[in-house]
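Listing of run-v4.tsv; format and content: TSV, C-alpha atoms.
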chain	number	residue	atom	x	y	z
B	821	MET	CA	129.63	-73.84	-82.41
B	822	LYS	CA	127.89	-71.89	-79.71
B	823	ILE	CA	130.50	-69.16	-79.93
B	824	LEU	CA	130.27	-69.11	-83.74
B	825	LYS	CA	126.46	-68.85	-83.62
B	826	THR	CA	126.74	-65.89	-81.23
B	827	VAL	CA	129.54	-64.01	-82.97
B	828	LEU	CA	128.38	-64.41	-86.57
B	829	PRO	CA	125.06	-62.55	-86.21
B	830	CYS	CA	126.86	-59.74	-84.37
B	831	PHE	CA	129.46	-59.55	-87.11
B	832	LEU	CA	126.81	-59.43	-89.81
B	833	PHE	CA	124.85	-56.80	-87.86
B	834	ALA	CA	127.98	-54.63	-87.59
B	835	MET	CA	128.58	-54.98	-91.33
B	836	PHE	CA	124.95	-54.00	-91.97
B	837	LEU	CA	125.31	-50.82	-89.90
B	838	THR	CA	128.55	-49.91	-91.62
B	839	GLY	CA	127.04	-50.45	-95.03
B	840	CYS	CA	124.11	-48.15	-94.22
B	841	GLN	CA	126.26	-45.25	-93.13
B	842	PRO	CA	126.93	-42.76	-95.97
B	843	ASP	CA	130.50	-41.70	-96.42
B	844	LYS	CA	131.54	-38.22	-95.28
B	845	GLU	CA	131.68	-36.81	-98.80
B	846	GLN	CA	128.10	-37.89	-99.55
B	847	THR	CA	126.89	-36.38	-96.26
B	848	GLU	CA	128.48	-33.02	-97.01
B	849	GLU	CA	126.93	-32.96	-100.49
B	850	ALA	CA	123.48	-33.75	-99.09
B	851	LYS	CA	123.55	-30.83	-96.67
B	852	PRO	CA	121.50	-27.83	-97.91
B	853	LYS	CA	123.56	-24.72	-98.54
B	854	ASP	CA	123.27	-21.96	-95.97
B	855	ARG	CA	120.76	-19.45	-97.38
B	856	VAL	CA	118.75	-16.47	-96.17
B	857	THR	CA	115.38	-15.25	-97.43
B	858	VAL	CA	115.18	-11.48	-97.99
B	859	SER	CA	112.54	-9.03	-99.19
B	860	THR	CA	112.66	-6.66	-102.16
B	861	ASP	CA	111.91	-2.92	-102.17
B	862	ALA	CA	112.44	0.13	-104.37
B	863	VAL	CA	113.20	3.86	-104.31
B	864	ASN	CA	112.33	6.42	-106.97
B	865	TYR	CA	114.75	9.37	-107.07
B	866	MET	CA	112.96	10.97	-110.05
B	867	HIS	CA	110.92	14.12	-109.37
B	868	ASP	CA	109.23	14.16	-112.78
B	869	TRP	CA	108.39	10.50	-113.31
B	870	GLY	CA	106.48	7.89	-111.36
B	871	LEU	CA	106.76	4.25	-112.41
B	872	ILE	CA	105.42	0.72	-112.35
B	873	TYR	CA	107.98	-2.07	-112.02
B	874	THR	CA	108.29	-5.84	-111.79
B	875	LEU	CA	111.32	-7.75	-110.49
B	876	THR	CA	111.78	-11.40	-111.54
B	877	ASP	CA	114.25	-13.98	-110.22
B	878	LEU	CA	115.85	-15.54	-113.32
B	879	ARG	CA	116.67	-18.75	-111.43
B	880	SER	CA	113.03	-19.57	-110.73
B	881	GLY	CA	111.24	-17.38	-113.25
B	882	GLN	CA	109.05	-16.09	-110.40
B	883	ALA	CA	108.19	-12.45	-109.74
B	884	VAL	CA	109.80	-11.46	-106.44
B	885	GLY	CA	108.82	-7.81	-106.30
B	886	GLY	CA	106.84	-5.10	-107.99
B	887	SER	CA	104.83	-2.02	-107.19
B	888	THR	CA	103.79	1.46	-108.27
B	889	LEU	CA	106.10	4.25	-107.12
B	890	GLY	CA	105.14	7.91	-107.06
B	891	PHE	CA	107.43	10.89	-107.57
B	892	LEU	CA	110.38	10.85	-105.12
B	893	GLU	CA	108.86	7.89	-103.29
B	894	GLY	CA	110.18	4.88	-101.40
B	895	PRO	CA	111.25	2.69	-99.80
B	896	GLY	CA	108.27	0.99	-98.18
B	897	GLY	CA	106.67	-1.45	-100.64
B	898	LYS	CA	108.19	-4.74	-99.50
B	899	GLY	CA	108.00	-7.66	-101.93
B	900	CYS	CA	108.60	-11.34	-101.25
B	901	CYS	CA	111.04	-13.00	-101.59
B	902	VAL	CA	114.55	-13.85	-102.76
B	903	SER	CA	116.74	-16.63	-101.37
B	904	LEU	CA	120.35	-15.52	-101.06
B	905	PRO	CA	123.41	-17.52	-100.02
B	906	SER	CA	125.04	-16.30	-96.82
B	907	LYS	CA	128.23	-15.86	-98.81
B	908	TRP	CA	127.91	-13.83	-102.00
B	909	GLN	CA	128.25	-15.69	-105.27
B	910	PRO	CA	128.74	-14.19	-108.74
B	911	GLY	CA	126.15	-14.66	-111.47
B	912	MET	CA	122.96	-14.21	-109.41
B	913	GLN	CA	120.65	-12.18	-111.65
B	914	LEU	CA	117.24	-10.52	-111.55
B	915	ARG	CA	115.18	-9.19	-114.45
B	916	LEU	CA	113.80	-5.67	-114.00
B	917	GLU	CA	110.95	-4.38	-116.15
B	918	TRP	CA	109.44	-0.92	-115.67
B	919	GLN	CA	107.24	1.74	-117.26
B	920	LYS	CA	107.38	5.45	-116.45
B	921	SER	CA	104.33	7.65	-115.89
B	922	ASP	CA	103.53	11.25	-115.13
B	923	LYS	CA	100.26	12.90	-114.04
B	924	ASN	CA	98.78	12.56	-117.52
B	925	MET	CA	99.79	9.19	-118.91
B	926	THR	CA	101.81	5.98	-118.60
B	927	GLU	CA	104.39	5.36	-121.30
B	928	GLN	CA	103.76	2.35	-123.51
B	929	THR	CA	107.48	1.64	-123.68
B	930	LYS	CA	108.58	-1.11	-121.29
B	931	ARG	CA	112.18	-0.87	-120.24
B	932	VAL	CA	113.99	-4.11	-119.39
B	933	LYS	CA	117.35	-4.66	-117.75
B	934	ILE	CA	119.14	-7.70	-116.30
B	935	LEU	CA	120.74	-6.80	-112.98
B	936	GLU	CA	123.34	-8.89	-111.19
B	937	ILE	CA	123.04	-9.00	-107.42
B	938	PRO	CA	126.06	-6.99	-106.25
B	939	ARG	CA	128.67	-8.23	-103.81
B	940	TYR	CA	127.64	-8.15	-100.14
B	941	GLU	CA	129.28	-9.05	-96.84
B	942	GLN	CA	125.95	-10.10	-95.31
B	943	PRO	CA	122.73	-10.86	-97.20
B	944	GLY	CA	120.11	-8.13	-96.83
B	945	ASP	CA	116.96	-6.88	-98.54
B	946	LEU	CA	117.33	-6.10	-102.23
B	947	TYR	CA	116.60	-2.50	-103.22
B	948	VAL	CA	115.97	-1.36	-106.80
B	949	LEU	CA	116.99	2.29	-107.18
B	950	PHE	CA	115.56	4.36	-110.03
B	951	TYR	CA	117.58	7.44	-111.00
B	952	PRO	CA	117.02	10.20	-113.60
B	953	GLU	CA	117.93	9.44	-117.23
B	954	ASP	CA	116.70	5.83	-116.90
B	955	LYS	CA	119.59	4.74	-114.73
B	956	VAL	CA	118.90	1.89	-112.30
B	957	GLU	CA	120.87	0.11	-109.60
B	958	LEU	CA	120.45	-2.94	-107.36
B	959	ILE	CA	121.80	-2.95	-103.80
B	960	ALA	CA	121.64	-5.63	-101.06
B	961	SER	CA	121.56	-4.00	-97.63
B	962	ASN	CA	120.55	-4.62	-94.02
B	963	VAL	CA	119.65	-0.94	-93.59
B	964	GLU	CA	117.19	1.19	-95.54
B	965	PRO	CA	118.07	4.03	-97.91
B	966	GLY	CA	118.57	7.27	-96.00
B	967	SER	CA	120.15	5.54	-92.99
B	968	PRO	CA	123.73	6.55	-92.06
B	969	ALA	CA	125.06	3.09	-92.94
B	970	TRP	CA	123.27	2.90	-96.28
B	971	PRO	CA	125.85	1.72	-98.89
B	972	GLY	CA	124.21	3.46	-101.87
B	973	LYS	CA	125.69	6.52	-103.57
B	974	ILE	CA	122.79	8.75	-102.43
B	975	LYS	CA	122.74	8.91	-98.63
B	976	THR	CA	119.53	10.91	-98.14
B	977	ASP	CA	115.82	10.39	-98.81
B	978	PRO	CA	114.62	11.05	-102.40
B	979	TYR	CA	113.18	14.52	-101.70
B	980	SER	CA	116.31	15.74	-99.91
B	981	ALA	CA	118.42	14.33	-102.73
B	982	CYS	CA	116.31	16.26	-105.25
B	983	LEU	CA	116.94	19.52	-103.37
B	984	THR	CA	120.71	19.10	-103.84
B	985	ARG	CA	120.35	19.44	-107.61
B	986	LEU	CA	117.08	21.32	-108.26
B	987	PRO	CA	115.12	24.27	-106.82
B	988	GLU	CA	112.54	23.47	-104.13
B	989	LYS	CA	109.66	24.51	-106.40
B	990	GLU	CA	110.78	22.04	-109.06
B	991	CYS	CA	111.11	19.17	-106.57
B	992	LYS	CA	107.67	19.86	-105.10
B	993	LYS	CA	105.72	20.42	-108.30
B	994	ASN	CA	104.51	16.81	-108.66
B	995	LEU	CA	104.20	15.93	-104.98
B	996	PRO	CA	100.82	15.74	-103.21
B	997	LYS	CA	100.03	18.80	-101.07
B	998	TYR	CA	100.01	16.68	-97.91
B	999	ALA	CA	101.94	13.53	-97.14
B	1000	PRO	CA	99.86	10.38	-97.68
B	1001	GLY	CA	98.31	9.21	-94.39
B	1002	SER	CA	99.15	12.45	-92.57
B	1003	ALA	CA	96.78	14.29	-90.22
B	1004	GLU	CA	96.76	17.21	-92.67
B	1005	GLU	CA	95.60	14.96	-95.49
B	1006	GLY	CA	92.87	13.48	-93.26
B	1007	ALA	CA	91.67	16.95	-92.30
B	1008	ALA	CA	91.49	18.02	-95.95
B	1009	LEU	CA	89.34	14.99	-96.76
B	1010	VAL	CA	86.96	15.77	-93.89
B	1011	ARG	CA	86.68	19.43	-94.90
B	1012	ARG	CA	85.75	18.44	-98.44
B	1013	SER	CA	83.14	15.97	-97.17
B	1014	CYS	CA	81.64	18.61	-94.87
B	1015	GLN	CA	81.09	21.29	-97.52
B	1016	PRO	CA	77.39	22.39	-97.75
B	1017	GLU	CA	77.00	21.29	-101.37
B	1018	ILE	CA	78.18	17.79	-100.45
B	1019	ILE	CA	76.00	17.49	-97.34
B	1020	LYS	CA	72.92	18.56	-99.34
B	1021	GLN	CA	73.33	15.42	-101.43
B	1022	SER	CA	73.41	13.18	-98.34
B	1023	THR	CA	70.43	11.07	-97.23
B	1024	THR	CA	71.12	12.11	-93.62
B	1025	PRO	CA	72.18	15.78	-93.86
B	1026	ASP	CA	71.33	16.70	-90.23
B	1027	LYS	CA	73.38	13.81	-88.87
B	1028	ASP	CA	76.29	14.67	-91.17
B	1029	ARG	CA	76.29	18.32	-90.04
B	1030	GLU	CA	76.37	17.15	-86.43
B	1031	LEU	CA	79.32	14.85	-87.14
B	1032	CYS	CA	81.20	17.64	-88.91
B	1033	THR	CA	80.69	20.01	-85.98
B	1034	LYS	CA	81.89	17.32	-83.59
B	1035	TRP	CA	84.98	16.70	-85.73
B	1036	VAL	CA	85.92	20.40	-85.62
B	1037	LYS	CA	85.83	20.42	-81.81
B	1038	GLU	CA	87.88	17.21	-81.54
B	1039	CYS	CA	90.39	18.41	-84.13
B	1040	ILE	CA	91.03	21.64	-82.21
B	1041	ALA	CA	91.21	19.81	-78.85
B	1042	LYS	CA	93.81	17.31	-80.09
B	1043	GLY	CA	96.11	20.05	-81.38
B	1044	ILE	CA	97.86	17.73	-83.85
B	1045	ILE	CA	97.57	20.20	-86.73
B	1046	ASP	CA	97.21	23.98	-87.05
B	1047	LYS	CA	93.83	24.94	-85.53
B	1048	LYS	CA	92.99	26.92	-88.64
B	1049	MET	CA	93.00	23.68	-90.61
B	1050	CYS	CA	90.29	22.32	-88.30
B	1051	GLN	CA	87.82	24.93	-89.53
B	1052	LEU	CA	85.49	23.79	-92.31
B	1053	ASP	CA	85.95	27.08	-94.19
B	1054	TYR	CA	89.77	26.79	-94.22
B	1055	GLN	CA	91.09	27.89	-97.60
B	1056	GLU	CA	93.85	25.79	-99.17
B	1057	ASN	CA	96.78	27.82	-100.49
Let me see the structure of the file written as structure tokens.
Amino acid sequence: MKILKTVLPCFLFAMFLTGCQPDKEQTEEAKPKDRVTVSTDAVNYMHDWGLIYTLTDLRSGQAVGGSTLGFLEGPGGKGCCVSLPSKWQPGMQLRLEWQKSDKNMTEQTKRVKILEIPRYEQPGDLYVLFYPEDKVELIASNVEPGSPAWPGKIKTDPYSACLTRLPEKECKKNLPKYAPGSAEEGAALVRRSCQPEIIKQSTTPDKDRELCTKWVKECIAKGIIDKKMCQLDYQEN
């Protein structure tokens, strides 16, 4: 009886453990699938149209990207986020909606297209590419457009791509005079702020004149831009 009393609880305990262990098939099904979270971005290859776009994941119904793109602009406006399987699967779709705009107006027409995420070897950021004649493309890539390994059909930046099909004057006609955030653009803003008619309207004109004079000296000393552009009377072409 002693032996029976000792063995029976052990036997029942072993059965309990066995009963609590899920079978191998259930364990495999419970494991989450291997996925990677990537960003979204866009490139506008059009020289005559800017645009506003929104990218929506049809699986969740959530917006996963969207921005305003100027003429021949991008990439650079990262959106968040899309979850992709490590191994490509067919049928993964995004909804793209966009409106075109020029310097005078934004079109009321909203264009809509369902894009399937194309085949990839490794999951990477999703790029929406806007081409002339309302053509669009979606590419998943670990490198940005313009890089040597970029898998898209256009291997260069948007401006360089424009020059392969149009005269330089045509490609430049809608672009800002200076690149956004450049030292040249900053200097132009300072020059405009330091014009006599602007300073006259200031509540501290003497202090503003002093600051403008100081800026000219520092601009010349740094030598980042042409010294002529550091002068307050510099005439824009």
Legend entry - Exercise: region 952-969 of chain B partners within 7 Å, all atoms listed in the file, chain neighbours under 3 positions left out, as a list in words: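 Here the answer would be Tyr865, Met866, Leu935, Ile937, Pro938, Tyr940, Pro943, Gly944, Asp945, Leu946, Tyr947, Val948, Leu949, Lys975, Thr976 and Asp977 of chain B.
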Listed atoms of region 898-908 of chain B, axis-aligned box, 3 Å per side: centre and edge lengths to one decimal in Å, as AutoDock Vina command-line options?
--center_x 118.1 --center_y -11.1 --center_z -99.8 --size_x 26.2 --size_y 18.8 --size_z 11.9
Would you give me, as CSV, each residue of region 952-1026 of chain B having an atom within 7 Å of an atom of region 890-907 of chain B, along with its shortest atom pair and that distance in Å to one decimal, using all atoms listed in the file and sorting by chain and residue number?
residue,atom,partner,partner_atom,distance
B:Pro978,CA,B:Leu892,CA,5.0
B:Tyr979,CA,B:Leu892,CA,5.7
B:Asn994,CA,B:Phe891,CA,6.7
B:Leu995,CA,B:Phe891,CA,6.5
Inset, instruction - Tell me, as a list in words, which residues lie within 10 Å of Lys1037 (chain B), counting only C-alpha atoms; anything in the same chain fewer than 4 positions away does not count. - result: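 Answer for this query is Cys1032, Thr1033, Ala1041, Lys1042, Lys1047, Cys1050 and Gln1051 of chain B.
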Inset, instruction - Grab the CA of Met1049 (chain B) to CA of Lys997 (chain B) distance for me, in Å with one decimal place. - result: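 Between CA of Met1049 (chain B) and CA of Lys997 (chain B) the gap is 13.5 Å.
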Legend entry - Selected residue of minimal separation from Ala1008 (chain B) among B:Asp922, B:Glu941, B:Glu1056, B:Glu927, counting all atoms listed in the file: B:Glu1056
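Taking CA of Arg879 (chain B) and CA of Ser921 (chain B) as the two end points, the separation is 29.5 Å.
If you look at CA of Arg939 (chain B) and CA of Tyr951 (chain B), they are 20.5 Å away from each other.
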Inset, instruction - List the neighbours of region 872-874 of chain B out to 10 Å using only C-alpha atoms; skip same-chain residues closer than 3 positions along the sequence, and give me the result as an MDAnalysis selection string. - result: chainID B and resid 862 883:890 915:921 926 930:932 948
I need the residues from that last selection saved to file as a PDB file, in the frame of the given file (with C-alpha atoms), if you can.
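Listing of part_36.pdb after writing:
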ATOM      1  CA  ALA B 862     112.440   0.130-104.370  1.00  0.00           C
ATOM      2  CA  ALA B 883     108.190 -12.450-109.740  1.00  0.00           C
ATOM      3  CA  VAL B 884     109.800 -11.460-106.440  1.00  0.00           C
ATOM      4  CA  GLY B 885     108.820  -7.810-106.300  1.00  0.00           C
ATOM      5  CA  GLY B 886     106.840  -5.100-107.990  1.00  0.00           C
ATOM      6  CA  SER B 887     104.830  -2.020-107.190  1.00  0.00           C
ATOM      7  CA  THR B 888     103.790   1.460-108.270  1.00  0.00           C
ATOM      8  CA  LEU B 889     106.100   4.250-107.120  1.00  0.00           C
ATOM      9  CA  GLY B 890     105.140   7.910-107.060  1.00  0.00           C
ATOM     10  CA  ARG B 915     115.180  -9.190-114.450  1.00  0.00           C
ATOM     11  CA  LEU B 916     113.800  -5.670-114.000  1.00  0.00           C
ATOM     12  CA  GLU B 917     110.950  -4.380-116.150  1.00  0.00           C
ATOM     13  CA  TRP B 918     109.440  -0.920-115.670  1.00  0.00           C
ATOM     14  CA  GLN B 919     107.240   1.740-117.260  1.00  0.00           C
ATOM     15  CA  LYS B 920     107.380   5.450-116.450  1.00  0.00           C
ATOM     16  CA  SER B 921     104.330   7.650-115.890  1.00  0.00           C
ATOM     17  CA  THR B 926     101.810   5.980-118.600  1.00  0.00           C
ATOM     18  CA  LYS B 930     108.580  -1.110-121.290  1.00  0.00           C
ATOM     19  CA  ARG B 931     112.180  -0.870-120.240  1.00  0.00           C
ATOM     20  CA  VAL B 932     113.990  -4.110-119.390  1.00  0.00           C
ATOM     21  CA  VAL B 948     115.970  -1.360-106.800  1.00  0.00           C
TER      22      VAL B 948
END
Legend entry - Among listed residues B:Gly911, B:Lys933, B:Asp854, B:Lys992, nearest Asp868 (chain B) (using all atoms listed in the file):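 Of B:Gly911, B:Lys933, B:Asp854, B:Lys992, the one nearest Asp868 (chain B), counting all atoms listed in the file, is B:Lys992.
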Legend entry - Pick from B:Trp869, B:Trp970, B:Trp908, B:Tyr1054 nearest to Ala1007 (chain B), counting all atoms listed in the file: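 Closest to Ala1007 (chain B) of all the choices is B:Tyr1054.
Counting only C-alpha atoms, the residue from B:Thr876, B:Ser1013, B:Ser1022, B:Gln913 that sits nearest to Glu936 (chain B) is B:Gln913.
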